[in-house]
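Below is structure.txt, which holds compact mmCIF, N, CA, C and O atoms.
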# COMPACT_ATOMS: atom_id res chain seq x y z
N MET Y 1 -14.26 -12.88 8.46
CA MET Y 1 -15.39 -12.02 8.16
C MET Y 1 -15.17 -11.40 6.78
O MET Y 1 -14.10 -10.95 6.46
N ASP Y 2 -16.21 -11.38 5.97
CA ASP Y 2 -16.19 -10.78 4.64
C ASP Y 2 -16.21 -9.26 4.79
O ASP Y 2 -17.18 -8.70 5.29
N THR Y 3 -15.16 -8.58 4.37
CA THR Y 3 -15.08 -7.13 4.55
C THR Y 3 -15.88 -6.36 3.52
O THR Y 3 -16.05 -5.16 3.64
N ASP Y 4 -16.39 -7.03 2.47
CA ASP Y 4 -17.21 -6.36 1.47
C ASP Y 4 -18.67 -6.27 1.90
O ASP Y 4 -19.45 -5.54 1.32
N ARG Y 5 -19.03 -7.03 2.90
CA ARG Y 5 -20.43 -7.10 3.34
C ARG Y 5 -20.44 -7.21 4.86
O ARG Y 5 -19.76 -8.04 5.44
N ILE Y 6 -21.21 -6.36 5.48
CA ILE Y 6 -21.37 -6.45 6.93
C ILE Y 6 -22.86 -6.56 7.22
O ILE Y 6 -23.65 -5.76 6.74
N VAL Y 7 -23.22 -7.57 7.98
CA VAL Y 7 -24.60 -7.77 8.38
C VAL Y 7 -24.66 -7.61 9.90
O VAL Y 7 -23.84 -8.19 10.61
N ALA Y 8 -25.61 -6.80 10.37
CA ALA Y 8 -25.68 -6.51 11.80
C ALA Y 8 -27.11 -6.53 12.31
O ALA Y 8 -28.04 -6.21 11.59
N ASP Y 9 -27.25 -6.92 13.56
CA ASP Y 9 -28.49 -6.78 14.31
C ASP Y 9 -28.16 -5.84 15.45
O ASP Y 9 -27.39 -6.18 16.34
N LEU Y 10 -28.70 -4.64 15.41
CA LEU Y 10 -28.32 -3.62 16.38
C LEU Y 10 -29.31 -3.48 17.54
O LEU Y 10 -29.29 -2.48 18.26
N HIS Y 11 -30.14 -4.50 17.73
CA HIS Y 11 -31.09 -4.46 18.86
C HIS Y 11 -31.47 -5.88 19.23
O HIS Y 11 -32.39 -6.46 18.67
N ALA Y 12 -30.73 -6.47 20.16
CA ALA Y 12 -31.01 -7.83 20.60
C ALA Y 12 -31.05 -7.88 22.12
O ALA Y 12 -30.26 -7.21 22.79
N HIS Y 13 -31.97 -8.68 22.66
CA HIS Y 13 -32.07 -8.87 24.10
C HIS Y 13 -31.67 -10.30 24.45
O HIS Y 13 -31.84 -11.21 23.65
N THR Y 14 -31.14 -10.48 25.65
CA THR Y 14 -30.78 -11.81 26.15
C THR Y 14 -31.65 -12.14 27.35
O THR Y 14 -32.50 -11.35 27.75
N THR Y 15 -31.38 -13.29 27.94
CA THR Y 15 -32.11 -13.69 29.14
C THR Y 15 -31.78 -12.80 30.34
O THR Y 15 -32.43 -12.91 31.38
N ALA Y 16 -30.82 -11.88 30.20
CA ALA Y 16 -30.55 -10.91 31.27
C ALA Y 16 -31.70 -9.91 31.38
O ALA Y 16 -31.81 -9.22 32.40
N SER Y 17 -32.55 -9.82 30.35
CA SER Y 17 -33.78 -9.04 30.46
C SER Y 17 -34.92 -9.89 29.93
O SER Y 17 -35.23 -10.91 30.54
N ASP Y 18 -35.53 -9.56 28.81
CA ASP Y 18 -36.70 -10.31 28.34
C ASP Y 18 -36.43 -11.14 27.09
O ASP Y 18 -37.36 -11.57 26.43
N GLY Y 19 -35.16 -11.40 26.78
CA GLY Y 19 -34.83 -12.24 25.63
C GLY Y 19 -34.98 -13.71 25.95
O GLY Y 19 -35.17 -14.10 27.10
N THR Y 20 -34.88 -14.53 24.92
CA THR Y 20 -35.06 -15.98 25.11
C THR Y 20 -33.74 -16.75 25.00
O THR Y 20 -33.74 -17.96 25.21
N MET Y 21 -32.63 -16.06 24.67
CA MET Y 21 -31.33 -16.73 24.54
C MET Y 21 -30.31 -16.12 25.49
O MET Y 21 -30.34 -14.92 25.77
N THR Y 22 -29.39 -16.97 25.94
CA THR Y 22 -28.25 -16.47 26.69
C THR Y 22 -27.32 -15.74 25.72
O THR Y 22 -27.49 -15.83 24.50
N LEU Y 23 -26.32 -15.06 26.25
CA LEU Y 23 -25.36 -14.38 25.38
C LEU Y 23 -24.65 -15.39 24.48
O LEU Y 23 -24.49 -15.15 23.28
N ALA Y 24 -24.27 -16.53 25.02
CA ALA Y 24 -23.59 -17.55 24.22
C ALA Y 24 -24.50 -18.08 23.11
O ALA Y 24 -24.07 -18.27 21.97
N GLU Y 25 -25.77 -18.31 23.43
CA GLU Y 25 -26.72 -18.79 22.41
C GLU Y 25 -26.95 -17.73 21.35
O GLU Y 25 -27.04 -18.04 20.16
N LEU Y 26 -27.04 -16.47 21.76
CA LEU Y 26 -27.26 -15.37 20.82
C LEU Y 26 -26.11 -15.24 19.83
O LEU Y 26 -26.33 -15.14 18.63
N THR Y 27 -24.88 -15.28 20.32
CA THR Y 27 -23.74 -15.14 19.41
C THR Y 27 -23.60 -16.36 18.51
O THR Y 27 -23.27 -16.22 17.33
N ALA Y 28 -23.87 -17.55 19.01
CA ALA Y 28 -23.81 -18.75 18.17
C ALA Y 28 -24.87 -18.69 17.08
O ALA Y 28 -24.60 -19.02 15.92
N THR Y 29 -26.06 -18.25 17.43
CA THR Y 29 -27.15 -18.13 16.45
C THR Y 29 -26.81 -17.07 15.41
O THR Y 29 -27.06 -17.27 14.21
N ALA Y 30 -26.25 -15.95 15.85
CA ALA Y 30 -25.85 -14.89 14.92
C ALA Y 30 -24.80 -15.41 13.93
O ALA Y 30 -24.90 -15.17 12.73
N ARG Y 31 -23.81 -16.11 14.44
CA ARG Y 31 -22.76 -16.65 13.58
C ARG Y 31 -23.36 -17.60 12.54
O ARG Y 31 -23.06 -17.51 11.36
N GLU Y 32 -24.23 -18.49 12.98
CA GLU Y 32 -24.87 -19.44 12.08
C GLU Y 32 -25.70 -18.73 11.01
O GLU Y 32 -25.83 -19.22 9.88
N ALA Y 33 -26.28 -17.57 11.35
CA ALA Y 33 -27.12 -16.81 10.41
C ALA Y 33 -26.30 -15.88 9.52
O ALA Y 33 -26.87 -15.20 8.67
N GLY Y 34 -24.99 -15.82 9.75
CA GLY Y 34 -24.14 -14.95 8.93
C GLY Y 34 -24.14 -13.50 9.38
O GLY Y 34 -23.80 -12.60 8.62
N ILE Y 35 -24.51 -13.26 10.64
CA ILE Y 35 -24.50 -11.90 11.19
C ILE Y 35 -23.13 -11.63 11.79
O ILE Y 35 -22.61 -12.42 12.56
N ASP Y 36 -22.53 -10.50 11.39
CA ASP Y 36 -21.17 -10.14 11.81
C ASP Y 36 -21.13 -9.36 13.12
O ASP Y 36 -20.17 -9.44 13.87
N TRP Y 37 -22.14 -8.52 13.36
CA TRP Y 37 -22.20 -7.64 14.54
C TRP Y 37 -23.56 -7.79 15.20
O TRP Y 37 -24.59 -7.86 14.53
N VAL Y 38 -23.57 -7.80 16.54
CA VAL Y 38 -24.80 -7.81 17.32
C VAL Y 38 -24.65 -6.80 18.45
O VAL Y 38 -23.64 -6.79 19.15
N ALA Y 39 -25.65 -5.93 18.60
CA ALA Y 39 -25.69 -5.04 19.76
C ALA Y 39 -26.63 -5.65 20.78
O ALA Y 39 -27.81 -5.87 20.49
N VAL Y 40 -26.11 -5.95 21.96
CA VAL Y 40 -26.93 -6.49 23.04
C VAL Y 40 -27.47 -5.31 23.84
O VAL Y 40 -26.71 -4.58 24.48
N THR Y 41 -28.78 -5.12 23.74
CA THR Y 41 -29.43 -3.94 24.34
C THR Y 41 -30.51 -4.38 25.32
O THR Y 41 -31.70 -4.08 25.13
N ASP Y 42 -30.11 -5.10 26.34
CA ASP Y 42 -31.06 -5.56 27.35
C ASP Y 42 -31.73 -4.36 28.02
O ASP Y 42 -31.19 -3.26 28.05
N HIS Y 43 -32.92 -4.60 28.58
CA HIS Y 43 -33.69 -3.54 29.22
C HIS Y 43 -33.03 -3.06 30.51
O HIS Y 43 -32.81 -3.86 31.42
N ASP Y 44 -32.75 -1.77 30.58
CA ASP Y 44 -32.32 -1.09 31.82
C ASP Y 44 -31.09 -1.71 32.48
O ASP Y 44 -30.89 -1.55 33.67
N ARG Y 45 -30.26 -2.40 31.71
CA ARG Y 45 -29.05 -2.97 32.30
C ARG Y 45 -28.05 -3.29 31.19
O ARG Y 45 -28.42 -3.56 30.06
N ILE Y 46 -26.80 -3.23 31.55
CA ILE Y 46 -25.74 -3.68 30.67
C ILE Y 46 -25.50 -5.15 31.00
O ILE Y 46 -25.41 -5.53 32.17
N HIS Y 47 -25.41 -5.97 29.97
CA HIS Y 47 -25.23 -7.41 30.21
C HIS Y 47 -23.96 -7.62 31.05
O HIS Y 47 -22.90 -7.10 30.73
N PRO Y 48 -24.05 -8.39 32.14
CA PRO Y 48 -22.91 -8.55 33.05
C PRO Y 48 -21.67 -9.20 32.44
O PRO Y 48 -20.57 -9.00 32.94
N GLU Y 49 -21.81 -9.95 31.36
CA GLU Y 49 -20.66 -10.59 30.72
C GLU Y 49 -19.94 -9.67 29.75
O GLU Y 49 -18.85 -10.02 29.28
N LEU Y 50 -20.52 -8.52 29.45
CA LEU Y 50 -19.91 -7.60 28.48
C LEU Y 50 -19.15 -6.52 29.25
O LEU Y 50 -19.71 -5.51 29.67
N THR Y 51 -17.87 -6.75 29.44
CA THR Y 51 -17.05 -5.86 30.27
C THR Y 51 -16.34 -4.78 29.46
O THR Y 51 -15.67 -3.93 30.03
N ARG Y 52 -16.48 -4.83 28.13
CA ARG Y 52 -15.89 -3.81 27.27
C ARG Y 52 -16.93 -3.37 26.24
O ARG Y 52 -17.89 -4.10 25.99
N PRO Y 53 -16.74 -2.21 25.62
CA PRO Y 53 -17.73 -1.72 24.64
C PRO Y 53 -17.94 -2.66 23.45
O PRO Y 53 -19.05 -2.79 22.95
N VAL Y 54 -16.88 -3.33 23.00
CA VAL Y 54 -16.99 -4.29 21.90
C VAL Y 54 -16.13 -5.49 22.24
O VAL Y 54 -14.97 -5.35 22.63
N VAL Y 55 -16.73 -6.68 22.13
CA VAL Y 55 -16.00 -7.93 22.33
C VAL Y 55 -16.29 -8.85 21.15
O VAL Y 55 -17.27 -8.65 20.43
N GLU Y 56 -15.45 -9.84 20.96
CA GLU Y 56 -15.70 -10.82 19.92
C GLU Y 56 -16.01 -12.15 20.56
O GLU Y 56 -15.29 -12.62 21.43
N ARG Y 57 -17.13 -12.74 20.16
CA ARG Y 57 -17.56 -14.04 20.66
C ARG Y 57 -17.99 -14.88 19.47
O ARG Y 57 -18.81 -14.44 18.66
N ASP Y 58 -17.49 -16.08 19.35
CA ASP Y 58 -17.89 -17.00 18.28
C ASP Y 58 -17.73 -16.38 16.90
O ASP Y 58 -18.52 -16.65 16.00
N GLY Y 59 -16.75 -15.49 16.72
CA GLY Y 59 -16.56 -14.85 15.43
C GLY Y 59 -17.52 -13.71 15.15
O GLY Y 59 -17.56 -13.18 14.04
N VAL Y 60 -18.30 -13.32 16.15
CA VAL Y 60 -19.26 -12.22 16.03
C VAL Y 60 -18.80 -11.09 16.93
O VAL Y 60 -18.44 -11.32 18.08
N ARG Y 61 -18.81 -9.88 16.41
CA ARG Y 61 -18.49 -8.72 17.25
C ARG Y 61 -19.75 -8.30 17.99
O ARG Y 61 -20.80 -8.10 17.37
N VAL Y 62 -19.64 -8.19 19.30
CA VAL Y 62 -20.78 -7.89 20.16
C VAL Y 62 -20.58 -6.49 20.74
O VAL Y 62 -19.57 -6.21 21.39
N VAL Y 63 -21.55 -5.62 20.50
CA VAL Y 63 -21.51 -4.24 21.00
C VAL Y 63 -22.33 -4.18 22.28
O VAL Y 63 -23.47 -4.65 22.32
N ARG Y 64 -21.75 -3.61 23.33
CA ARG Y 64 -22.44 -3.46 24.61
C ARG Y 64 -23.37 -2.26 24.52
O ARG Y 64 -22.97 -1.15 24.20
N GLY Y 65 -24.64 -2.48 24.79
CA GLY Y 65 -25.62 -1.40 24.76
C GLY Y 65 -26.61 -1.57 25.89
O GLY Y 65 -26.48 -2.46 26.73
N VAL Y 66 -27.59 -0.70 25.92
CA VAL Y 66 -28.66 -0.78 26.92
C VAL Y 66 -29.88 -0.09 26.35
O VAL Y 66 -29.76 0.91 25.63
N GLU Y 67 -31.05 -0.65 26.62
CA GLU Y 67 -32.31 0.01 26.26
C GLU Y 67 -32.91 0.54 27.55
O GLU Y 67 -33.25 -0.22 28.45
N LEU Y 68 -33.00 1.86 27.64
CA LEU Y 68 -33.49 2.50 28.86
C LEU Y 68 -34.98 2.76 28.80
O LEU Y 68 -35.51 3.21 27.78
N HIS Y 69 -35.64 2.50 29.92
CA HIS Y 69 -37.05 2.84 30.07
C HIS Y 69 -37.09 4.26 30.66
O HIS Y 69 -36.51 4.50 31.72
N VAL Y 70 -37.76 5.16 29.98
CA VAL Y 70 -37.81 6.55 30.42
C VAL Y 70 -39.26 7.00 30.43
O VAL Y 70 -40.00 6.80 29.46
N GLU Y 71 -39.67 7.60 31.52
CA GLU Y 71 -40.99 8.21 31.60
C GLU Y 71 -40.81 9.71 31.52
O GLU Y 71 -40.19 10.31 32.39
N ALA Y 72 -41.34 10.29 30.47
CA ALA Y 72 -41.16 11.72 30.25
C ALA Y 72 -42.26 12.56 30.87
O ALA Y 72 -42.17 13.78 30.88
N GLY Y 73 -43.29 11.94 31.36
CA GLY Y 73 -44.38 12.70 31.95
C GLY Y 73 -45.36 13.17 30.89
O GLY Y 73 -45.29 12.79 29.73
N VAL Y 74 -46.23 14.07 31.29
CA VAL Y 74 -47.25 14.60 30.39
C VAL Y 74 -46.73 15.85 29.70
O VAL Y 74 -46.21 16.76 30.36
N GLU Y 75 -46.90 15.90 28.39
CA GLU Y 75 -46.48 17.08 27.64
C GLU Y 75 -47.56 18.14 27.75
O GLU Y 75 -48.74 17.88 27.53
N ARG Y 76 -47.16 19.36 28.09
CA ARG Y 76 -48.12 20.46 28.21
C ARG Y 76 -47.83 21.50 27.15
O ARG Y 76 -46.68 21.81 26.88
N ARG Y 77 -48.87 22.04 26.59
CA ARG Y 77 -48.72 23.08 25.56
C ARG Y 77 -49.39 24.35 25.98
O ARG Y 77 -50.30 24.43 26.64
Could you express the structure from this file as structure tokens?
Amino acid sequence: MDTDRIVADLHAHTTASDGTMTLAELTATAREAGIDWVAVTDHDRIHPELTRPVVERDGVRVVRGVELHVEAGVERR
């Protein structure tokens, strides 16, 4: 990895929610595109293959994340 330049995608979904790629496909695609870091932020779940906060797959560092659906209700003033 080039330490003078870091390229990251900090919001990616996999087929564990509404994405179109598996985790393996996502990391391979990121590597091919020159992306060093990817945050997997599937909807309302942590990807089951990500057992640690940061793992390395295919030369790409993968950050475990989650995108939460939250209903805040009606705001009253």
Which residues are close to segment 48-60 of chain Y, i.e. within 7 Å by only N, CA, C and O atoms, leaving aside same-chain residues fewer than 6 positions away? Reply as JSON, numbers by chain.
{"Y": [1, 27, 28, 30, 31, 32, 35, 36, 37, 38]}
For the residues in that selection, give me N, CA, C and O atoms as an mmCIF file, keeping the file's coordinate frame.
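The resulting file, out.cif, is reproduced below:
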data_model
loop_
_atom_site.group_PDB
_atom_site.id
_atom_site.type_symbol
_atom_site.label_atom_id
_atom_site.label_comp_id
_atom_site.auth_asym_id
_atom_site.auth_seq_id
_atom_site.Cartn_x
_atom_site.Cartn_y
_atom_site.Cartn_z
ATOM 1 N N MET Y 1 -14.260 -12.880 8.460
ATOM 2 C CA MET Y 1 -15.390 -12.020 8.160
ATOM 3 C C MET Y 1 -15.170 -11.400 6.780
ATOM 4 O O MET Y 1 -14.100 -10.950 6.460
ATOM 5 N N THR Y 27 -24.880 -15.280 20.320
ATOM 6 C CA THR Y 27 -23.740 -15.140 19.410
ATOM 7 C C THR Y 27 -23.600 -16.360 18.510
ATOM 8 O O THR Y 27 -23.270 -16.220 17.330
ATOM 9 N N ALA Y 28 -23.870 -17.550 19.010
ATOM 10 C CA ALA Y 28 -23.810 -18.750 18.170
ATOM 11 C C ALA Y 28 -24.870 -18.690 17.080
ATOM 12 O O ALA Y 28 -24.600 -19.020 15.920
ATOM 13 N N ALA Y 30 -26.250 -15.950 15.850
ATOM 14 C CA ALA Y 30 -25.850 -14.890 14.920
ATOM 15 C C ALA Y 30 -24.800 -15.410 13.930
ATOM 16 O O ALA Y 30 -24.900 -15.170 12.730
ATOM 17 N N ARG Y 31 -23.810 -16.110 14.440
ATOM 18 C CA ARG Y 31 -22.760 -16.650 13.580
ATOM 19 C C ARG Y 31 -23.360 -17.600 12.540
ATOM 20 O O ARG Y 31 -23.060 -17.510 11.360
ATOM 21 N N GLU Y 32 -24.230 -18.490 12.980
ATOM 22 C CA GLU Y 32 -24.870 -19.440 12.080
ATOM 23 C C GLU Y 32 -25.700 -18.730 11.010
ATOM 24 O O GLU Y 32 -25.830 -19.220 9.880
ATOM 25 N N ILE Y 35 -24.510 -13.260 10.640
ATOM 26 C CA ILE Y 35 -24.500 -11.900 11.190
ATOM 27 C C ILE Y 35 -23.130 -11.630 11.790
ATOM 28 O O ILE Y 35 -22.610 -12.420 12.560
ATOM 29 N N ASP Y 36 -22.530 -10.500 11.390
ATOM 30 C CA ASP Y 36 -21.170 -10.140 11.810
ATOM 31 C C ASP Y 36 -21.130 -9.360 13.120
ATOM 32 O O ASP Y 36 -20.170 -9.440 13.870
ATOM 33 N N TRP Y 37 -22.140 -8.520 13.360
ATOM 34 C CA TRP Y 37 -22.200 -7.640 14.540
ATOM 35 C C TRP Y 37 -23.560 -7.790 15.200
ATOM 36 O O TRP Y 37 -24.590 -7.860 14.530
ATOM 37 N N VAL Y 38 -23.570 -7.800 16.540
ATOM 38 C CA VAL Y 38 -24.800 -7.810 17.320
ATOM 39 C C VAL Y 38 -24.650 -6.800 18.450
ATOM 40 O O VAL Y 38 -23.640 -6.790 19.150
#
Test item, alpha helix (DSSP H) assignment across chain Y, answer as an MDAnalysis selection string:
chainID Y and resid 23:33
Coordinates-based distance that separates atom CA of Leu10 of chain Y from atom O of Gly34 of chain Y (Å, one decimal)
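Atom O of Gly34 of chain Y sits 12.7 Å away from atom CA of Leu10 of chain Y.
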As a check of understanding: the span from atom CA of Ala8 of chain Y to atom N of Glu71 of chain Y is 28.0 Å
From a backbone DSSP assignment, name each residue in chain Y labelled strand (DSSP E or B), as a list in words.
Ala8, Asp9, Leu10, His11, Ala12, Trp37, Val38, Ala39, Val40, His43, Val54, Val55, Glu56, Arg57, Val60, Arg61, Val62, Val63, Arg64 and Glu67 of chain Y
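Note that the spacing between atom CA of Ala12 of chain Y and atom CA of Val63 of chain Y amounts to 10.2 Å.
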